[in-house]
$ cat structure-v5.cif   # mmCIF, C-alpha atoms
data_final
loop_
_atom_site.label_atom_id
_atom_site.label_comp_id
_atom_site.auth_asym_id
_atom_site.auth_seq_id
_atom_site.Cartn_x
_atom_site.Cartn_y
_atom_site.Cartn_z
CA MET A 1 39.78 -3.55 -43.77
CA PRO A 2 43.06 -3.45 -45.78
CA ASP A 3 45.88 -1.58 -44.13
CA PRO A 4 46.57 1.58 -46.21
CA ALA A 5 50.25 1.36 -45.41
CA VAL A 6 50.45 -2.21 -46.74
CA ALA A 7 48.53 -1.27 -49.90
CA SER A 8 50.80 1.72 -50.48
CA ASP A 9 53.91 -0.40 -49.98
CA ARG A 10 52.60 -3.03 -52.41
CA PHE A 11 51.84 -0.35 -54.99
CA HIS A 12 55.33 1.11 -54.75
CA ARG A 13 56.88 -2.34 -55.13
CA TRP A 14 54.80 -3.05 -58.28
CA LEU A 15 55.24 0.39 -59.81
CA PRO A 16 58.73 -0.24 -61.29
CA ASN A 17 57.50 -3.51 -62.80
CA LEU A 18 54.50 -1.76 -64.40
CA ALA A 19 56.74 0.99 -65.74
CA LEU A 20 59.16 -1.60 -67.15
CA ALA A 21 56.30 -3.48 -68.82
CA ALA A 22 54.95 -0.26 -70.36
CA VAL A 23 58.39 0.66 -71.69
CA SER A 24 58.84 -2.87 -73.11
CA VAL A 25 55.50 -2.72 -74.91
CA ALA A 26 56.32 0.73 -76.30
CA LEU A 27 59.74 -0.41 -77.52
CA THR A 28 58.26 -3.55 -79.12
CA LEU A 29 55.62 -1.52 -80.96
CA GLY A 30 58.31 0.95 -82.00
CA LEU A 31 60.48 -1.84 -83.43
CA PHE A 32 57.48 -3.30 -85.28
CA GLU A 33 56.68 0.16 -86.66
CA VAL A 34 60.25 0.71 -87.89
CA GLY A 35 60.32 -2.75 -89.45
CA ALA A 36 56.98 -2.23 -91.19
CA ARG A 37 58.08 1.14 -92.60
CA LEU A 38 61.30 -0.42 -93.94
CA PHE A 39 60.05 -3.77 -95.23
CA VAL A 40 56.23 -3.83 -95.47
CA ARG A 41 55.21 -0.81 -97.51
CA ALA A 42 51.82 -2.42 -98.18
CA TRP A 43 50.92 -1.62 -94.57
CA ALA A 44 51.25 2.11 -95.17
CA PRO A 45 48.14 3.99 -93.98
CA GLU A 46 46.06 5.70 -96.60
CA GLN A 47 46.53 9.46 -96.68
CA GLY A 48 44.31 11.93 -98.38
CA VAL A 49 40.53 11.78 -98.00
CA GLN A 50 40.08 12.50 -94.30
CA SER A 51 43.12 14.78 -94.43
CA PHE A 52 40.88 17.15 -96.39
CA TRP A 53 38.05 17.04 -93.85
CA SER A 54 37.28 19.51 -91.12
CA GLN A 55 34.46 19.20 -88.64
CA HIS A 56 31.26 21.02 -89.60
CA PRO A 57 28.49 22.01 -87.13
CA LEU A 58 25.68 21.03 -89.53
CA LEU A 59 27.10 18.34 -91.81
CA GLY A 60 29.50 16.57 -89.46
CA TRP A 61 32.47 17.13 -91.76
CA ALA A 62 33.22 19.08 -94.92
CA HIS A 63 36.20 19.72 -97.15
CA VAL A 64 38.73 22.35 -96.19
CA PRO A 65 38.40 25.18 -98.76
CA SER A 66 41.32 25.98 -101.08
CA ALA A 67 43.36 22.96 -99.96
CA GLN A 68 45.93 20.97 -101.90
CA GLY A 69 47.60 17.66 -101.22
CA ARG A 70 48.05 14.05 -102.21
CA HIS A 71 45.75 11.06 -101.83
CA ILE A 72 48.05 8.09 -101.22
CA HIS A 73 46.93 4.46 -101.29
CA ARG A 74 48.68 1.18 -102.05
CA ASP A 75 46.91 1.20 -105.46
CA PHE A 76 47.41 4.84 -106.46
CA GLU A 77 48.78 8.28 -105.65
CA VAL A 78 46.82 11.24 -107.00
CA SER A 79 46.64 14.98 -106.42
CA VAL A 80 43.64 16.54 -104.71
CA ALA A 81 42.69 20.22 -104.66
CA THR A 82 39.55 21.98 -103.47
CA ASN A 83 38.16 25.32 -104.60
CA ALA A 84 37.07 28.23 -102.41
CA GLN A 85 33.85 26.41 -101.49
CA GLY A 86 35.66 23.17 -100.62
CA PHE A 87 34.52 21.34 -103.76
CA ARG A 88 36.87 19.19 -105.81
CA ASP A 89 36.01 21.27 -108.84
CA ASP A 90 36.99 24.35 -110.82
CA PRO A 91 36.24 27.77 -109.31
CA VAL A 92 32.49 28.30 -109.24
CA THR A 93 30.24 31.26 -108.50
CA LEU A 94 26.62 31.46 -107.49
CA GLU A 95 25.90 33.44 -110.66
CA ARG A 96 25.31 31.25 -113.68
CA THR A 97 26.94 31.71 -117.07
CA ALA A 98 24.46 32.99 -119.63
CA GLY A 99 23.39 30.31 -122.09
CA ARG A 100 24.66 27.36 -120.01
CA ARG A 101 22.58 24.92 -118.04
CA ARG A 102 23.77 23.93 -114.59
CA VAL A 103 23.81 20.50 -112.93
CA LEU A 104 24.47 20.14 -109.21
CA PHE A 105 26.19 16.81 -108.56
CA LEU A 106 25.60 15.29 -105.11
CA GLY A 107 27.75 12.28 -104.26
CA ASP A 108 30.09 10.55 -101.87
CA SER A 109 33.58 9.11 -102.50
CA PHE A 110 32.61 7.84 -105.98
CA GLY A 111 31.52 11.32 -107.04
CA PHE A 112 34.53 12.84 -105.28
CA GLY A 113 36.76 10.73 -107.51
CA TYR A 114 38.40 8.50 -104.92
CA GLY A 115 41.75 7.45 -106.40
CA VAL A 116 41.53 9.27 -109.74
CA GLU A 117 42.86 12.57 -110.97
CA ARG A 118 40.75 15.59 -111.89
CA GLY A 119 39.46 15.15 -115.42
CA GLU A 120 39.07 11.39 -114.87
CA LEU A 121 36.11 11.46 -112.49
CA LEU A 122 32.47 11.08 -113.53
CA PRO A 123 31.25 14.72 -113.24
CA ASP A 124 34.31 16.01 -115.14
CA LEU A 125 33.81 13.46 -117.93
CA LEU A 126 30.13 14.38 -118.23
CA GLU A 127 30.90 18.08 -118.42
CA GLY A 128 33.25 17.37 -121.33
CA ARG A 129 30.42 15.59 -123.16
CA PHE A 130 27.85 18.34 -122.54
CA PRO A 131 29.78 21.54 -123.38
CA ASP A 132 26.72 23.73 -122.89
CA THR A 133 26.24 22.45 -119.33
CA GLU A 134 28.17 23.26 -116.16
CA PHE A 135 28.53 20.45 -113.60
CA VAL A 136 29.11 21.68 -110.06
CA ASN A 137 30.59 18.71 -108.20
CA THR A 138 29.83 19.01 -104.48
CA SER A 139 30.62 15.36 -103.62
CA VAL A 140 32.19 14.65 -100.24
CA ALA A 141 33.51 11.20 -99.31
CA GLY A 142 31.37 9.49 -96.69
CA TYR A 143 28.21 11.57 -97.14
CA GLY A 144 24.81 9.90 -96.89
CA THR A 145 21.44 11.14 -98.11
CA ASP A 146 20.88 13.02 -94.85
CA GLN A 147 24.02 15.13 -95.32
CA GLN A 148 23.24 15.65 -99.02
CA LEU A 149 19.78 16.93 -98.11
CA LEU A 150 21.14 19.30 -95.45
CA PHE A 151 23.83 20.55 -97.83
CA PHE A 152 21.24 21.27 -100.53
CA ARG A 153 19.03 23.13 -98.05
CA GLU A 154 21.91 25.14 -96.66
CA GLU A 155 24.00 25.90 -99.73
CA GLY A 156 23.37 23.75 -102.79
CA HIS A 157 20.13 25.43 -103.88
CA ARG A 158 21.94 28.78 -104.04
CA TYR A 159 23.73 27.60 -107.20
CA ALA A 160 20.32 27.56 -108.96
CA PRO A 161 20.72 24.21 -110.75
CA ASP A 162 18.37 23.01 -113.47
CA LEU A 163 19.09 19.39 -112.55
CA VAL A 164 20.31 17.74 -109.33
CA LEU A 165 22.09 14.43 -109.95
CA TYR A 166 22.39 12.34 -106.80
CA LEU A 167 24.83 9.43 -106.90
CA PHE A 168 23.39 6.86 -104.47
CA HIS A 169 25.56 4.16 -102.88
CA PRO A 170 24.14 1.15 -100.97
CA ASN A 171 25.96 2.15 -97.80
CA ASP A 172 23.90 5.37 -97.79
CA VAL A 173 21.16 3.24 -96.22
CA GLU A 174 23.39 2.52 -93.24
CA ASP A 175 24.76 6.09 -93.18
CA ASN A 176 21.21 7.43 -92.93
CA ASN A 177 20.55 5.42 -89.76
CA ALA A 178 23.75 6.45 -87.95
CA ASN A 179 24.78 9.40 -85.80
CA ARG A 180 28.49 8.57 -86.17
CA ARG A 181 30.45 7.43 -89.21
CA TYR A 182 34.15 7.14 -89.96
CA ARG A 183 34.94 8.19 -86.36
CA TYR A 184 33.12 11.49 -86.84
CA PRO A 185 29.84 12.58 -85.23
CA LYS A 186 27.18 13.46 -87.83
CA PRO A 187 23.60 14.75 -88.02
CA HIS A 188 20.78 12.25 -88.28
CA PHE A 189 17.03 12.17 -88.75
CA VAL A 190 14.42 10.30 -86.72
CA PHE A 191 10.67 9.92 -87.07
CA ASP A 192 8.35 11.72 -84.64
CA ALA A 193 5.06 10.32 -83.38
CA GLU A 194 3.30 11.51 -86.55
CA GLY A 195 5.88 9.86 -88.81
CA ALA A 196 7.57 13.11 -89.87
CA LEU A 197 11.36 13.44 -90.11
CA GLN A 198 13.02 15.36 -87.29
CA LEU A 199 16.66 16.48 -87.38
CA ARG A 200 18.80 15.46 -84.41
CA GLY A 201 22.40 15.95 -83.33
CA VAL A 202 22.76 19.55 -84.58
CA PRO A 203 24.92 21.43 -83.91
CA VAL A 204 27.16 18.42 -84.39
CA PRO A 205 29.45 17.94 -81.37
CA SER A 206 33.18 17.77 -81.73
CA SER A 207 34.83 14.37 -81.84
CA ASN A 208 35.65 12.94 -78.46
CA LEU A 209 39.23 12.26 -77.39
CA ARG A 210 39.00 8.56 -78.23
CA GLU A 211 37.84 9.31 -81.81
CA LYS A 212 40.57 11.91 -82.33
CA PHE A 213 43.25 9.57 -80.97
CA SER A 214 41.94 6.69 -83.10
CA ARG A 215 42.06 8.82 -86.26
CA PHE A 216 45.57 10.02 -85.38
CA LEU A 217 46.92 6.48 -84.95
CA ARG A 218 45.18 5.07 -88.03
CA GLN A 219 46.48 7.83 -90.28
CA ARG A 220 50.07 7.93 -89.03
CA THR A 221 51.20 4.44 -88.00
CA TYR A 222 51.79 1.38 -90.14
CA VAL A 223 51.29 -1.27 -87.44
CA LEU A 224 48.16 0.10 -85.80
CA HIS A 225 46.66 0.93 -89.19
CA ARG A 226 47.18 -2.72 -90.13
CA VAL A 227 45.66 -3.88 -86.85
CA TRP A 228 42.54 -1.84 -87.57
CA GLU A 229 42.38 -3.33 -91.08
CA TRP A 230 42.59 -6.86 -89.66
CA ARG A 231 39.93 -6.04 -87.09
CA SER A 232 37.61 -4.69 -89.81
CA HIS A 233 38.26 -7.74 -91.96
CA LEU A 234 37.47 -10.14 -89.11
CA ARG A 235 34.32 -8.17 -88.29
CA ASN A 236 33.18 -8.39 -91.92
CA VAL A 237 33.89 -12.14 -91.98
CA TRP A 238 31.84 -12.54 -88.80
CA ARG A 239 28.97 -10.52 -90.26
CA ALA A 240 29.06 -12.53 -93.47
CA TRP A 241 28.97 -15.77 -91.50
CA ARG A 242 26.01 -14.56 -89.44
CA ALA A 243 24.21 -13.46 -92.61
CA GLN A 244 24.27 -16.93 -94.19
CA PRO A 245 20.81 -18.04 -95.41
CA GLU A 246 18.79 -19.69 -92.69
CA PRO A 247 17.06 -23.06 -92.95
CA PRO A 248 13.56 -22.62 -94.39
CA ALA A 249 11.99 -23.59 -91.08
CA GLU A 250 13.75 -20.73 -89.26
CA ALA A 251 13.20 -17.94 -91.80
CA PRO A 252 9.50 -17.28 -90.97
CA ALA A 253 10.31 -17.03 -87.26
CA ARG A 254 13.09 -14.48 -87.90
CA ALA A 255 10.84 -12.50 -90.27
CA ALA A 256 8.19 -12.32 -87.54
CA ARG A 257 10.75 -11.19 -84.96
CA ASN A 258 11.94 -8.41 -87.27
CA SER A 259 8.54 -7.26 -88.53
CA PRO A 260 7.51 -3.63 -87.86
CA ALA A 261 4.88 -4.84 -85.40
CA ALA A 262 7.41 -6.83 -83.40
CA SER A 263 9.30 -3.83 -82.09
CA ALA A 264 8.79 -0.09 -81.83
CA SER A 265 12.51 0.56 -81.37
CA PRO A 266 13.82 3.11 -83.90
CA THR A 267 17.22 1.37 -83.95
CA ARG A 268 16.09 -2.16 -84.78
CA GLU A 269 18.09 -3.80 -87.54
CA TRP A 270 15.92 -5.11 -90.35
CA ILE A 271 15.65 -4.56 -94.09
CA GLU A 272 12.51 -3.16 -95.64
CA PHE A 273 12.45 -3.81 -99.39
CA ASP A 274 10.04 -2.54 -102.01
CA GLY A 275 10.21 -6.01 -103.53
CA PRO A 276 10.10 -9.50 -101.99
CA THR A 277 11.18 -9.83 -98.36
CA ARG A 278 14.74 -10.95 -97.73
CA PRO A 279 16.50 -11.99 -94.52
CA PRO A 280 18.11 -9.07 -92.64
CA LYS A 281 21.85 -8.62 -92.40
CA PRO A 282 22.79 -8.98 -88.73
CA GLY A 283 24.86 -6.20 -87.26
CA ARG A 284 23.95 -3.65 -89.95
CA ASN A 285 21.15 -1.10 -89.78
CA HIS A 286 19.54 -1.40 -93.20
CA ASP A 287 16.12 -0.03 -92.27
CA PHE A 288 15.26 1.76 -95.51
CA ARG A 289 12.37 3.86 -94.18
CA THR A 290 14.67 6.75 -93.30
CA SER A 291 16.37 6.71 -96.71
CA ARG A 292 13.03 6.62 -98.50
CA ALA A 293 11.75 9.61 -96.51
CA LEU A 294 14.99 11.54 -97.07
CA ILE A 295 14.85 10.97 -100.83
CA GLU A 296 11.23 12.10 -100.95
CA THR A 297 12.18 15.22 -98.97
CA LEU A 298 15.16 15.92 -101.26
CA ASP A 299 12.84 15.65 -104.26
CA ALA A 300 10.42 18.15 -102.68
CA GLU A 301 13.31 20.54 -101.91
CA THR A 302 14.63 20.45 -105.48
CA LYS A 303 11.15 21.12 -106.88
CA ARG A 304 10.72 24.01 -104.46
CA HIS A 305 13.81 25.58 -106.01
CA ASP A 306 12.66 24.94 -109.61
CA ALA A 307 15.07 22.07 -110.21
CA GLN A 308 14.61 18.40 -111.07
CA LEU A 309 16.07 15.50 -109.12
CA ALA A 310 17.48 12.41 -110.84
CA ILE A 311 19.18 9.48 -109.09
CA ILE A 312 22.00 7.21 -110.22
CA SER A 313 22.80 4.18 -108.09
CA ILE A 314 26.14 2.39 -108.05
CA GLY A 315 24.77 -1.06 -107.25
CA GLY A 316 25.81 -3.54 -104.62
CA ALA A 317 24.13 -4.99 -101.56
CA PRO A 318 21.49 -4.28 -100.54
CA ASP A 319 20.56 -3.88 -104.20
CA PRO A 320 19.33 -0.27 -104.64
CA ARG A 321 17.05 -1.33 -107.46
CA GLU A 322 14.85 -3.17 -105.00
CA LEU A 323 15.09 -0.34 -102.50
CA LEU A 324 14.49 2.55 -104.89
CA THR A 325 12.45 1.46 -107.90
CA ALA A 326 8.95 1.64 -106.43
CA THR A 327 9.62 4.82 -104.45
CA LEU A 328 11.12 6.74 -107.36
CA ARG A 329 8.46 5.53 -109.78
CA ARG A 330 5.78 6.78 -107.38
CA ILE A 331 7.25 10.28 -107.00
CA GLY A 332 8.35 10.53 -110.65
CA VAL A 333 12.12 10.77 -110.18
CA PRO A 334 14.25 9.47 -113.10
CA TYR A 335 16.43 6.58 -111.96
CA LEU A 336 19.47 4.82 -113.43
CA PRO A 337 21.04 1.78 -111.74
CA LEU A 338 24.65 1.32 -112.93
CA ASP A 339 25.16 -2.21 -111.66
CA ALA A 340 23.84 -3.82 -114.88
CA ALA A 341 26.34 -1.93 -117.03
CA PHE A 342 29.21 -2.94 -114.74
CA ALA A 343 28.05 -6.56 -114.67
CA LYS A 344 28.22 -6.71 -118.48
CA ASN A 345 31.83 -5.53 -118.34
CA LYS A 346 32.99 -7.56 -115.36
CA GLY A 347 35.82 -9.05 -117.42
CA HIS A 348 37.46 -5.62 -117.50
CA ARG A 349 39.25 -4.18 -114.48
CA LEU A 350 36.97 -1.32 -113.48
CA LYS A 351 37.95 -1.06 -109.81
CA PHE A 352 41.23 -0.88 -107.94
CA GLN A 353 42.91 -4.11 -106.92
CA HIS A 354 42.67 -3.50 -103.17
CA ASP A 355 39.79 -1.05 -103.07
CA PRO A 356 36.17 -1.20 -104.37
CA HIS A 357 36.14 2.31 -105.87
CA TRP A 358 36.14 2.84 -109.64
CA ASN A 359 39.48 3.27 -111.35
CA PRO A 360 39.69 5.60 -114.39
CA ALA A 361 38.20 2.90 -116.65
CA GLY A 362 35.29 2.52 -114.24
CA HIS A 363 34.57 6.25 -114.38
CA VAL A 364 34.62 6.12 -118.19
CA LEU A 365 32.09 3.27 -118.22
CA ALA A 366 29.88 5.15 -115.76
CA ALA A 367 30.11 8.31 -117.89
CA ASP A 368 29.21 6.38 -121.06
CA THR A 369 26.15 4.89 -119.36
CA VAL A 370 25.01 8.11 -117.69
CA GLU A 371 25.47 10.14 -120.87
CA ARG A 372 23.19 7.83 -122.86
CA TRP A 373 20.61 7.88 -120.09
CA LEU A 374 20.62 11.68 -119.79
CA ARG A 375 20.08 12.03 -123.53
CA ASP A 376 17.45 9.27 -123.74
CA GLU A 377 15.49 10.73 -120.82
CA GLY A 378 15.74 14.26 -122.21
CA LEU A 379 17.30 15.48 -118.99
CA LEU A 380 20.15 17.23 -120.87
#

$ encode --input "structure-v5.cif" --output "structure tokens"
Amino acid sequence: MPDPAVASDRFHRWLPNLALAAVSVALTLGLFEVGARLFVRAWAPEQGVQSFWSQHPLLGWAHVPSAQGRHIHRDFEVSVATNAQGFRDDPVTLERTAGRRRVLFLGDSFGFGYGVERGELLPDLLEGRFPDTEFVNTSVAGYGTDQQLLFFREEGHRYAPDLVLYLFHPNDVEDNNANRRYRYPKPHFVFDAEGALQLRGVPVPSSNLREKFSRFLRQRTYVLHRVWEWRSHLRNVWRAWRAQPEPPAEAPARAARNSPAASASPTREWIEFDGPTRPPKPGRNHDFRTSRALIETLDAETKRHDAQLAIISIGGAPDPRELLTATLRRIGVPYLPLDAAFAKNKGHRLKFQHDPHWNPAGHVLAADTVERWLRDEGLL
């Protein structure tokens, strides 16, 4: 048995060395941070979107009401302001204006207008083209279908919209299968034994100390923000490498392993398409059953409140057209995929140089396409 006196003596002899090492590491990081701030401005952490978030017991996070600030990125710097409800919109009341229709806009960072000024984002542009219609933009960066559904149940229906426009992004599929996103806990739905959706994780717990510390460092330091970016990039490269097409002889075996009958686990990672089967993307939960059920539930909720649901998808991978077309056709929800319009104009710069969100020109193209669709479908 080790002698406690010897162990204590050894510890006291090593303690100064450990303290010296800790101080050396801290000084080195401090010098790197000062150097990055002086000479590598491209490493500056983004400021703005999560700065406007506060934790919410039902939704996970929501915008701080009546807030003002700047959204700063290496590609842009724009002003952001929220109204009394926390929306990036003009002041709005529950009472409608006589003679004006009302559209409730549900969206994530694209609907929020990530990187563009007020007046340049899609809902604002549409309101300018339909002067007899009020667009209430409730978009919050990072929201998935589950949070949009809960928001509509809790608050959105109280604005008595005629039409609910939901801007769907491919990463909503992954959002809808997660109980944590962007270092925030969030609500999530699971299926019970009868196949019905059940809400879990509410009230949403506060972020743990590790998540709070991680957010603090990412938002306030150049070096550690860059380290996180490199880590995310390497993780994406690894995922892309793992997702390379398999040899034909191996594909049937993988499809069998990932079939619904192969596992009853609710967290298995496989892709269920309405169209032809495709290989799954390893490391990403793209099980579309939850998203399909949430969309069907959102449609039922809008009808219950005498409104109509219509869905616009941004495009990307997995391609929402394959995921949504059959479902929305079956339940009679109008659907517009935007990826075709953007593909036709790929020679124009429609997104930011270092970020995949639409720039002002991208929002204009989206507004042009959505306006034609709304008129052709007789929705407005």

$ resolve_selection --input "structure-v5.cif" --expression "the PyMOL selection byres ((chain A and resi 124-140) around 8)" --output "PyMOL selection string"
chain A and resi 62-63+87-89+92+99-109+111-112+118-123+141-143+364+367+371+380

$ write_last_selection --input "structure-v5.cif" --atoms "C-alpha atoms" --output "mmCIF file, in the coordinates of the input"
data_model
loop_
_atom_site.group_PDB
_atom_site.id
_atom_site.type_symbol
_atom_site.label_atom_id
_atom_site.label_comp_id
_atom_site.auth_asym_id
_atom_site.auth_seq_id
_atom_site.Cartn_x
_atom_site.Cartn_y
_atom_site.Cartn_z
ATOM 1 C CA ALA A 62 33.220 19.080 -94.920
ATOM 2 C CA HIS A 63 36.200 19.720 -97.150
ATOM 3 C CA PHE A 87 34.520 21.340 -103.760
ATOM 4 C CA ARG A 88 36.870 19.190 -105.810
ATOM 5 C CA ASP A 89 36.010 21.270 -108.840
ATOM 6 C CA VAL A 92 32.490 28.300 -109.240
ATOM 7 C CA GLY A 99 23.390 30.310 -122.090
ATOM 8 C CA ARG A 100 24.660 27.360 -120.010
ATOM 9 C CA ARG A 101 22.580 24.920 -118.040
ATOM 10 C CA ARG A 102 23.770 23.930 -114.590
ATOM 11 C CA VAL A 103 23.810 20.500 -112.930
ATOM 12 C CA LEU A 104 24.470 20.140 -109.210
ATOM 13 C CA PHE A 105 26.190 16.810 -108.560
ATOM 14 C CA LEU A 106 25.600 15.290 -105.110
ATOM 15 C CA GLY A 107 27.750 12.280 -104.260
ATOM 16 C CA ASP A 108 30.090 10.550 -101.870
ATOM 17 C CA SER A 109 33.580 9.110 -102.500
ATOM 18 C CA GLY A 111 31.520 11.320 -107.040
ATOM 19 C CA PHE A 112 34.530 12.840 -105.280
ATOM 20 C CA ARG A 118 40.750 15.590 -111.890
ATOM 21 C CA GLY A 119 39.460 15.150 -115.420
ATOM 22 C CA GLU A 120 39.070 11.390 -114.870
ATOM 23 C CA LEU A 121 36.110 11.460 -112.490
ATOM 24 C CA LEU A 122 32.470 11.080 -113.530
ATOM 25 C CA PRO A 123 31.250 14.720 -113.240
ATOM 26 C CA ALA A 141 33.510 11.200 -99.310
ATOM 27 C CA GLY A 142 31.370 9.490 -96.690
ATOM 28 C CA TYR A 143 28.210 11.570 -97.140
ATOM 29 C CA VAL A 364 34.620 6.120 -118.190
ATOM 30 C CA ALA A 367 30.110 8.310 -117.890
ATOM 31 C CA GLU A 371 25.470 10.140 -120.870
ATOM 32 C CA LEU A 380 20.150 17.230 -120.870
#

$ closest_residue --input "structure-v5.cif" --among "A:His348, A:Leu59, A:Ala196, A:Gly201" --to "Glu296 in chain A" --atoms "all atoms listed in the file"
A:Ala196

$ closest_residue --input "structure-v5.cif" --among "A:Val173, A:Val64, A:Leu294, A:Val116" --to "Phe191 in chain A" --atoms "all atoms listed in the file"
A:Leu294

$ atom_distance --input "structure-v5.cif" --atom1 "CA of Asp192 in chain A" --atom2 "CA of Thr297 in chain A"
15.2 Å

$ atom_distance --input "structure-v5.cif" --atom1 "CA of Val164 in chain A" --atom2 "CA of His305 in chain A"
10.7 Å

$ closest_residue --input "structure-v5.cif" --among "A:Ile295, A:Asp175, A:Lys351, A:Asp306" --to "Ile331 in chain A" --atoms "only C-alpha atoms"
A:Ile295

$ closest_residue --input "structure-v5.cif" --among "A:Arg96, A:His354, A:His56, A:Arg329" --to "Tyr159 in chain A" --atoms "all atoms listed in the file"
A:Arg96

$ resolve_selection --input "structure-v5.cif" --expression "the PyMOL selection byres ((chain A and resi 205) around 9)" --output "list of chain:residue names"
A:Gln55, A:His56, A:Pro57, A:Gly60, A:Pro185, A:Lys186, A:Gly201, A:Val202, A:Pro203, A:Val204, A:Ser206, A:Ser207, A:Asn208

$ closest_residue --input "structure-v5.cif" --among "A:Ala193, A:Arg330, A:Gly86, A:Ser54" --to "Ala67 in chain A" --atoms "only C-alpha atoms"
A:Gly86

$ closest_residue --input "structure-v5.cif" --among "A:Asn17, A:Ser51, A:Ser79, A:Ser291" --to "Ala178 in chain A" --atoms "all atoms listed in the file"
A:Ser291
